[in-house]
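Visitor: This is the structure I have questions about; it appears just below.
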Protein chains: 2
Amino acid sequence: MNLRELSQMLELSQTTVSRALGGYPEVKEATRQRVLEAARLHNYHPDAKAKSLATGRSMSIGHVIPSLLHMEMTNVIFSEFIAGASEIYAAHGYDMVVSIVADEDEMKAYRDMAARRRVDGVIVHGPVRDDPRIPLLRELGLPFVVHGRSTGVEASYSWLDVNNRRAIERATRYLLDLGHRKIGLVNGQERMDFALRRREGYLAALSAFDVLQDNELMTSGDMTEPYGFTSANQMLELNDPPTAFVCSSIVPTLGIRRAIEGRGLTVGRDISIVSFDDVIGSLPNGTPEDPTYTATRSSVRAAGRRLAEMLMVRIENPLAPDEAVLWEAEMLLGQSTGVPRLEKS
Amino acid sequence: MNLRELSQMLELSQTTVSRALGGYPEVKEATRQRVLEAARLHNYHPDAKAKSLATGRSMSIGHVIPSLLHMEMTNVIFSEFIAGASEIYAAHGYDMVVSIVADEDEMKAYRDMAARRRVDGVIVHGPVRDDPRIPLLRELGLPFVVHGRSTGVEASYSWLDVNNRRAIERATRYLLDLGHRKIGLVNGQERMDFALRRREGYLAALSAFDVLQDNELMTSGDMTEPYGFTSANQMLELNDPPTAFVCSSIVPTLGIRRAIEGRGLTVGRDISIVSFDDVIGSLPNGTPEDPTYTATRSSVRAAGRRLAEMLMVRIENPLAPDEAVLWEAEMLLGQSTGVPRLEKS
DNA sequence: ATGAGCTTCCAAAGCGCTTTGGTAAATCAA
DNA sequence: TTGATTTACCAAAGCGCTTTGGAAGCTCAT
């Protein structure tokens with residue numbers, strides 16, 4: 001059933017039927033009801049591409065994710081994000097098109113989406129320092145918002161970020177307050193902007209307590225479970241091993257736990273962990289009243305929702321001023337922290 | 001830059017330019033080169049929706065995922081699947097549109113996609129017993145393939161499934177062979193078809209060894225980490241606790257580990273675990289030579305690739321006979337299993 | 001030289017919608 | 001009553017592409 005057939009059936013022009021369906025005022029109320037009724041009866045829905053072609057708006061949002069290097073995000077975090085974003089898209093009548101590309105094809109993927117006019121806007125994931133995608137999208141004139149920020153990019157753009165620096169600084173300070181002085185940092189890939197900021201926060205806390213930076217107590221890598229396991233094991237084998245860990249995500253935290261318990265030690269009693277928690281559906285951090293891990297927490301799903309809203313605004317009005325949103329993470333005390341017990345001294 | 005502008009610039013008709021770009025033979029080679037050159041120079045890419053409207057093919061594939069009840073899959077497994085599928089889509093020039101909807105809107109989402117002719121086909125995720133989506137899609141005439149099978153659906157359809165029954169039967173038999181007799185099953189939601197089959201496999205193995213089914217040793221639920229933790233803890237508190245667990249996914253397996261070690265026991269030595277492993281990027285099961293968990297394994301990413309290919313075929317030729325693919329899971333011996341030590345006796 | 005058969009190009013229709021620029025009929029103000 | 005508005009509708013253009021159905025211009029065997 002298409003518009004022509006429907007309008008012939010109703011003995012009305014396509015114009016009138018289209019306007020009736022679109023809610024325009026220049027059609028008699030009785031007629032509108034007749035049209036609505038018939039449309040429902042015959043399950044008429046305007047063809048998406050014809051509508052898009054006529055209006056010039058594709059009514060879809062693009063997400064480009066580089067598959068290889070960002071495997072950490074491809075998985076847990078990304079799907080949590082799109083779960084949030086897609087709620088908003090649906091509410092506004094937008095579809096979500098996601099394109100997983102090899103890292104080296106990422107820029108081409110954006111150019112392509114823009115040239116083919118496939119999407120009305122995009123959300124940029126996992127910004128790195130001096131991220132080239134931001135100037136590219138600006139040049140392409142494609143509306144976009146960024147999940148995170150890119151140190152080094154001067155141009156203005158819309159973003160939403162967690163205050164990663166402060167979140168990890170607080171986490172580290174908490175451990176320092178408990179008396180820990182050997183604190184391992186199990187960080188994400190430090191080419192990612194968020195990981196750089198977290199490292200800064202960690203170092204800031206240490207220096208506030210006059211603790212010297214120790215490069216053997218800092219690792220950077222893809223946030224997988226084995227990565228956490230390996231990092232923790234390496235550090236625990238040092239002469240002067242850490243009594244606590246600060247970890248960038250719940251996933252490697254699980255590996256840290258495995259390493260600790262594999263050595264016959266107990267998390268929270270012998271070795272403390274503070275994690276960053278993105279609030280992953282399948283990996284919830286215990287219950288809100290009794291978190292498994294002491295953690296600084298910020299929902300990536302909520303970030304997806306908020307960024308989607310910001311993007312909708314930019315699409316409606318491309319000339320709107322850029323919007324910058326910085327969220328503070330909340331800190332939850334859980335079972336994974338305590339005063340140091342295994343100090344070398 | 002659109003076709004009209006490009007063809008005016010070249011002083012050719014739109015027809016000729018279109019054909020030159022499309023690789024049709026009825027255009028002189030010199031002309032084709034001239035066109036190709038100009039197209040590249042001006043970064044001309046045909047407008048996706050105009051092209052789709054003209055050809056009648058939307059060149060995109062839909063994925064509908066119900067957000068609430070399938071949260072287990074929304075996260076880890078689903079994103080692993082689409083990572084595989086999207087490789088194939090990209091290679092065939094298709095885009096992927098994903099739509100996360102409230103459970104009760106799922107059928108509507110399919111109807112909508114079909115009526116608006118938004119996609120050329122869909123992949124159905126997480127089939128349940130008597131899944132209503134299969135007859136619906138058949139009625140809508142929308143090409144589709146199913147990841148898994150639906151017990152109770154008589155009609156023919158294309159699917160790819162892992163032999164879940166046999167995989168879990170083998171896993172359970174392995175534990176029985178080692179001497180375990182109290183074996184806990186930490187299963188997925190048993191309204192899901194795959195979970196039902198796994199339960200059958202578990203029970204078949206037990207009865208082959210004349211071990212009685214014990215309902216206290218079987219749980220069913222969303223495959224999260226805390227679910228594994230809680231299930232394992234409950235069972236371990238029984239008078240006659242299990243000496244081993246069979247678990248439906250690596251995610252709850254992590255929770256089982258936490259429960260075991262939380263009681264001062266050691267995985268593999270005191271309590272054994274065999275898991276099903278979907279091969280999740282961020283949660284790899286140790287290294288191939290030395291798996292952390294003994295597991296039956298089948299890559300969901302590979303399934304995504306294969307199903308995407310099957311769907312492409314169906315779209316090319318909707319009358320092609322349905323295809324059914326059953327994969328056997330491989331079984332890997334890891335560090336998480338051993339002979340029983342803590343028997344009540 | 002002539003018609004058949006290629007080669008190479010093009011005008012125009014059509015995909016299914018929205019939107020512009022109307023026009024008749026009904027209503028209203030004076 | 002008459003001209004001005006308002007109401008309720010419609011024909012047709014246009015979005016940017018593909019594809020159909022030619023049509024010139026060439027080549028070439030006869």
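Residues in the structure tokens are numbered from 1 in each chain, the chains being A, B, ... in the order shown, and ligands are numbered from 1 in the order shown.
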Find the residues of chain B in contact range of chain D, meaning any atom within 6 Å when counting only C-alpha atoms (C1' of nucleotides), and list them as a short mmCIF file (atom, residue, chain, number, x, y, z; two decimals) with N, CA and C atoms, in the first residue's frame.

Guide:
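Writing the result to result-v7.cif gives the following:
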```
data_model
loop_
_atom_site.label_atom_id
_atom_site.label_comp_id
_atom_site.auth_asym_id
_atom_site.auth_seq_id
_atom_site.Cartn_x
_atom_site.Cartn_y
_atom_site.Cartn_z
N ALA B 50 18.12 8.05 -2.68
CA ALA B 50 17.65 8.18 -4.06
C ALA B 50 17.92 6.88 -4.80
N LYS B 51 19.09 6.36 -4.57
CA LYS B 51 19.45 5.11 -5.22
C LYS B 51 18.50 3.99 -4.78
N ALA B 54 15.11 4.32 -6.33
CA ALA B 54 15.09 3.93 -7.74
C ALA B 54 15.21 2.42 -7.92
#
```

Visitor: Taking only C-alpha atoms (C1' of nucleotides) into account, which residues of chain A are within 12 Å of chain C, as a ChimeraX atom specification?

Guide: /A:1-6,14-19,21-22,24,45-57

Visitor: Write the selection just made, keeping N, CA and C atoms, as an mmCIF file, in the first residue's frame?

Guide:
```
data_model
loop_
_atom_site.group_PDB
_atom_site.id
_atom_site.type_symbol
_atom_site.label_atom_id
_atom_site.label_comp_id
_atom_site.auth_asym_id
_atom_site.auth_seq_id
_atom_site.Cartn_x
_atom_site.Cartn_y
_atom_site.Cartn_z
ATOM 1 N N MET A 1 0.838 -1.210 0.000
ATOM 2 C CA MET A 1 0.000 0.000 0.000
ATOM 3 C C MET A 1 0.870 1.257 0.000
ATOM 4 N N ASN A 2 0.735 2.059 -1.049
ATOM 5 C CA ASN A 2 1.477 3.330 -1.033
ATOM 6 C C ASN A 2 0.504 4.507 -1.084
ATOM 7 N N LEU A 3 1.071 5.680 -1.081
ATOM 8 C CA LEU A 3 0.235 6.871 -0.955
ATOM 9 C C LEU A 3 -0.755 7.001 -2.110
ATOM 10 N N ARG A 4 -0.281 6.696 -3.293
ATOM 11 C CA ARG A 4 -1.151 6.829 -4.458
ATOM 12 C C ARG A 4 -2.365 5.905 -4.334
ATOM 13 N N GLU A 5 -2.074 4.660 -4.025
ATOM 14 C CA GLU A 5 -3.176 3.707 -3.875
ATOM 15 C C GLU A 5 -4.147 4.143 -2.787
ATOM 16 N N LEU A 6 -3.577 4.563 -1.681
ATOM 17 C CA LEU A 6 -4.427 4.971 -0.564
ATOM 18 C C LEU A 6 -5.311 6.155 -0.949
ATOM 19 N N GLN A 14 -3.267 12.938 -3.401
ATOM 20 C CA GLN A 14 -2.145 12.540 -2.551
ATOM 21 C C GLN A 14 -1.807 13.668 -1.585
ATOM 22 N N THR A 15 -1.913 14.874 -2.089
ATOM 23 C CA THR A 15 -1.619 16.028 -1.238
ATOM 24 C C THR A 15 -2.449 15.992 0.031
ATOM 25 N N THR A 16 -3.737 15.842 -0.153
ATOM 26 C CA THR A 16 -4.633 15.891 0.992
ATOM 27 C C THR A 16 -4.361 14.749 1.965
ATOM 28 N N VAL A 17 -4.145 13.585 1.403
ATOM 29 C CA VAL A 17 -3.878 12.447 2.278
ATOM 30 C C VAL A 17 -2.584 12.673 3.049
ATOM 31 N N SER A 18 -1.565 13.126 2.345
ATOM 32 C CA SER A 18 -0.288 13.380 2.996
ATOM 33 C C SER A 18 -0.453 14.389 4.128
ATOM 34 N N ARG A 19 -1.199 15.454 3.844
ATOM 35 C CA ARG A 19 -1.384 16.487 4.858
ATOM 36 C C ARG A 19 -2.235 15.974 6.016
ATOM 37 N N LEU A 21 -2.368 12.994 7.128
ATOM 38 C CA LEU A 21 -1.507 12.130 7.928
ATOM 39 C C LEU A 21 -0.446 12.930 8.676
ATOM 40 N N GLY A 22 0.005 14.007 8.042
ATOM 41 C CA GLY A 22 1.071 14.789 8.646
ATOM 42 C C GLY A 22 0.565 15.745 9.705
ATOM 43 N N TYR A 24 -1.379 18.426 9.252
ATOM 44 C CA TYR A 24 -1.473 19.817 8.842
ATOM 45 C C TYR A 24 -2.898 20.314 9.012
ATOM 46 N N HIS A 45 2.240 2.836 5.980
ATOM 47 C CA HIS A 45 3.323 3.633 6.557
ATOM 48 C C HIS A 45 4.125 4.180 5.396
ATOM 49 N N PRO A 46 4.362 5.475 5.372
ATOM 50 C CA PRO A 46 5.094 6.025 4.228
ATOM 51 C C PRO A 46 6.453 5.349 4.076
ATOM 52 N N ASP A 47 6.824 5.086 2.864
ATOM 53 C CA ASP A 47 8.125 4.509 2.548
ATOM 54 C C ASP A 47 9.226 5.437 3.062
ATOM 55 N N ALA A 48 10.104 4.854 3.891
ATOM 56 C CA ALA A 48 11.100 5.680 4.572
ATOM 57 C C ALA A 48 12.006 6.418 3.597
ATOM 58 N N LYS A 49 12.457 5.730 2.544
ATOM 59 C CA LYS A 49 13.419 6.396 1.677
ATOM 60 C C LYS A 49 12.778 7.442 0.783
ATOM 61 N N ALA A 50 11.542 7.183 0.371
ATOM 62 C CA ALA A 50 10.841 8.184 -0.435
ATOM 63 C C ALA A 50 10.620 9.439 0.407
ATOM 64 N N LYS A 51 10.212 9.219 1.629
ATOM 65 C CA LYS A 51 9.995 10.348 2.520
ATOM 66 C C LYS A 51 11.296 11.120 2.731
ATOM 67 N N SER A 52 12.348 10.376 2.982
ATOM 68 C CA SER A 52 13.643 11.015 3.209
ATOM 69 C C SER A 52 14.096 11.793 1.984
ATOM 70 N N LEU A 53 13.875 11.202 0.831
ATOM 71 C CA LEU A 53 14.314 11.865 -0.395
ATOM 72 C C LEU A 53 13.562 13.183 -0.566
ATOM 73 N N ALA A 54 12.276 13.139 -0.273
ATOM 74 C CA ALA A 54 11.467 14.338 -0.444
ATOM 75 C C ALA A 54 11.801 15.403 0.595
ATOM 76 N N THR A 55 12.045 14.973 1.811
ATOM 77 C CA THR A 55 12.277 15.962 2.868
ATOM 78 C C THR A 55 13.737 16.360 2.991
ATOM 79 N N GLY A 56 14.610 15.518 2.470
ATOM 80 C CA GLY A 56 16.024 15.820 2.603
ATOM 81 C C GLY A 56 16.609 15.408 3.936
ATOM 82 N N ARG A 57 15.812 14.761 4.766
ATOM 83 C CA ARG A 57 16.336 14.317 6.050
ATOM 84 C C ARG A 57 16.269 12.796 6.109
#
```

Visitor: Near chain A, meaning an atom within 6 Å, which residues of chain B appear when counting only C-alpha atoms? Write them as a PyMOL selection string.

Guide: chain B and resi 45-49+72+75-76+79+96-98+115-118+224-225+282-283

Visitor: Tell me, as a PyMOL selection string, which residues lie within 7 Å of Trp327 in chain B, counting only C-alpha atoms (C1' of nucleotides); anything in the same chain fewer than 4 positions away does not count.

Guide: chain B and resi 161-163

Visitor: Export, as a PDB file, in the first residue's frame, the selected residues with N, CA and C atoms.

Guide:
```pdb
ATOM      1  N   ASP B 161      22.482 -22.621  14.319  1.00  0.00           N
ATOM      2  CA  ASP B 161      22.467 -22.826  15.767  1.00  0.00           C
ATOM      3  C   ASP B 161      23.701 -23.641  16.148  1.00  0.00           C
ATOM      4  N   VAL B 162      24.062 -23.512  17.418  1.00  0.00           N
ATOM      5  CA  VAL B 162      25.080 -24.391  17.975  1.00  0.00           C
ATOM      6  C   VAL B 162      24.338 -25.596  18.520  1.00  0.00           C
ATOM      7  N   ASN B 163      24.963 -26.733  18.479  1.00  0.00           N
ATOM      8  CA  ASN B 163      24.327 -27.902  19.082  1.00  0.00           C
ATOM      9  C   ASN B 163      24.442 -27.780  20.596  1.00  0.00           C
TER      10      ASN B 163
END
```

Visitor: If you run DSSP on the backbone here, which positions in range 144-322 of chain A get helix (DSSP H, G or I)? Please write them as a ChimeraX atom specification.

Guide: /A:164-178,193-208,215-217,225-236,250-262,300-316

Visitor: Tell me which protein, DNA and RNA residues are within 9 Å of range 199-214 of chain B, counting only C-alpha atoms (C1' of nucleotides), leaving out same-chain ones fewer than 6 positions away, and put them as a ChimeraX atom specification.

Guide: /B:164-173,176,181-185,187,190,246

Visitor: Excluding same-chain residues fewer than 3 positions from Ile315 in chain B, what lies within 10 Å of it counting only C-alpha atoms (C1' of nucleotides), as a ChimeraX atom specification?

Guide: /B:57,120-122,142-144,309-312,318-320

Visitor: Restrict the selected residues to N, CA and C atoms and save them as a PDB file, in the first residue's frame.

Guide:
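Below is the file that was written, part27.pdb:
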```pdb
ATOM      1  N   ARG B  57      15.740  -1.355  -3.497  1.00  0.00           N
ATOM      2  CA  ARG B  57      16.452  -2.104  -2.467  1.00  0.00           C
ATOM      3  C   ARG B  57      17.064  -1.129  -1.482  1.00  0.00           C
ATOM      4  N   ASP B 120      16.048  -4.583   3.899  1.00  0.00           N
ATOM      5  CA  ASP B 120      15.832  -5.667   2.946  1.00  0.00           C
ATOM      6  C   ASP B 120      15.728  -7.020   3.626  1.00  0.00           C
ATOM      7  N   GLY B 121      16.067  -7.051   4.904  1.00  0.00           N
ATOM      8  CA  GLY B 121      16.015  -8.315   5.624  1.00  0.00           C
ATOM      9  C   GLY B 121      16.375  -8.092   7.077  1.00  0.00           C
ATOM     10  N   VAL B 122      16.118  -9.102   7.887  1.00  0.00           N
ATOM     11  CA  VAL B 122      16.446  -8.979   9.306  1.00  0.00           C
ATOM     12  C   VAL B 122      17.056 -10.273   9.832  1.00  0.00           C
ATOM     13  N   LEU B 142       9.218 -10.541   4.672  1.00  0.00           N
ATOM     14  CA  LEU B 142      10.535  -9.932   4.832  1.00  0.00           C
ATOM     15  C   LEU B 142      11.575 -11.041   4.989  1.00  0.00           C
ATOM     16  N   PRO B 143      12.596 -11.050   4.134  1.00  0.00           N
ATOM     17  CA  PRO B 143      13.614 -12.102   4.272  1.00  0.00           C
ATOM     18  C   PRO B 143      14.258 -12.063   5.659  1.00  0.00           C
ATOM     19  N   PHE B 144      14.472 -13.233   6.236  1.00  0.00           N
ATOM     20  CA  PHE B 144      15.083 -13.280   7.564  1.00  0.00           C
ATOM     21  C   PHE B 144      15.820 -14.588   7.780  1.00  0.00           C
ATOM     22  N   GLU B 309      25.839 -13.938   5.880  1.00  0.00           N
ATOM     23  CA  GLU B 309      25.983 -14.489   4.533  1.00  0.00           C
ATOM     24  C   GLU B 309      24.705 -15.203   4.092  1.00  0.00           C
ATOM     25  N   MET B 310      24.140 -15.967   5.001  1.00  0.00           N
ATOM     26  CA  MET B 310      22.911 -16.673   4.658  1.00  0.00           C
ATOM     27  C   MET B 310      21.802 -15.683   4.302  1.00  0.00           C
ATOM     28  N   LEU B 311      21.766 -14.588   5.026  1.00  0.00           N
ATOM     29  CA  LEU B 311      20.732 -13.594   4.759  1.00  0.00           C
ATOM     30  C   LEU B 311      20.939 -12.928   3.403  1.00  0.00           C
ATOM     31  N   MET B 312      22.192 -12.611   3.084  1.00  0.00           N
ATOM     32  CA  MET B 312      22.479 -12.007   1.781  1.00  0.00           C
ATOM     33  C   MET B 312      21.943 -12.911   0.664  1.00  0.00           C
ATOM     34  N   PRO B 318      14.899 -14.735  -2.910  1.00  0.00           N
ATOM     35  CA  PRO B 318      13.952 -15.008  -1.817  1.00  0.00           C
ATOM     36  C   PRO B 318      13.305 -16.386  -1.923  1.00  0.00           C
ATOM     37  N   LEU B 319      13.414 -16.974  -3.089  1.00  0.00           N
ATOM     38  CA  LEU B 319      12.763 -18.274  -3.262  1.00  0.00           C
ATOM     39  C   LEU B 319      13.714 -19.433  -3.009  1.00  0.00           C
ATOM     40  N   ALA B 320      14.951 -19.103  -2.687  1.00  0.00           N
ATOM     41  CA  ALA B 320      15.925 -20.157  -2.398  1.00  0.00           C
ATOM     42  C   ALA B 320      15.409 -21.005  -1.246  1.00  0.00           C
TER      43      ALA B 320
END
```

Visitor: Select from range 239-307 of chain B everything DSSP, run on the backbone, classes as strand (DSSP E), then give the selection as a ChimeraX atom specification.

Guide: /B:244-247,272-277,294-297

Visitor: Tell me, in Å to one decimal, how far CA of Ser249 in chain B is from CA of Leu333 in chain B.

Guide: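 About the pair CA of Ser249 in chain B and CA of Leu333 in chain B: they are 15.7 Å apart.
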
Visitor: Env of Val325 in chain A: 12 Å cut, atoms = only C-alpha atoms (C1' of nucleotides), seq-sep filter 2 positions within chain, self excluded. Answer as a ChimeraX atom specification.

Guide: /A:145-149,157-163,303,306-307,310,322-323,327-328

Visitor: Expressed in Å to a single decimal, how great is the separation between CA of Asp290 in chain B and CA of Leu332 in chain B?

Guide: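 CA of Asp290 in chain B sits 9.0 Å away from CA of Leu332 in chain B.
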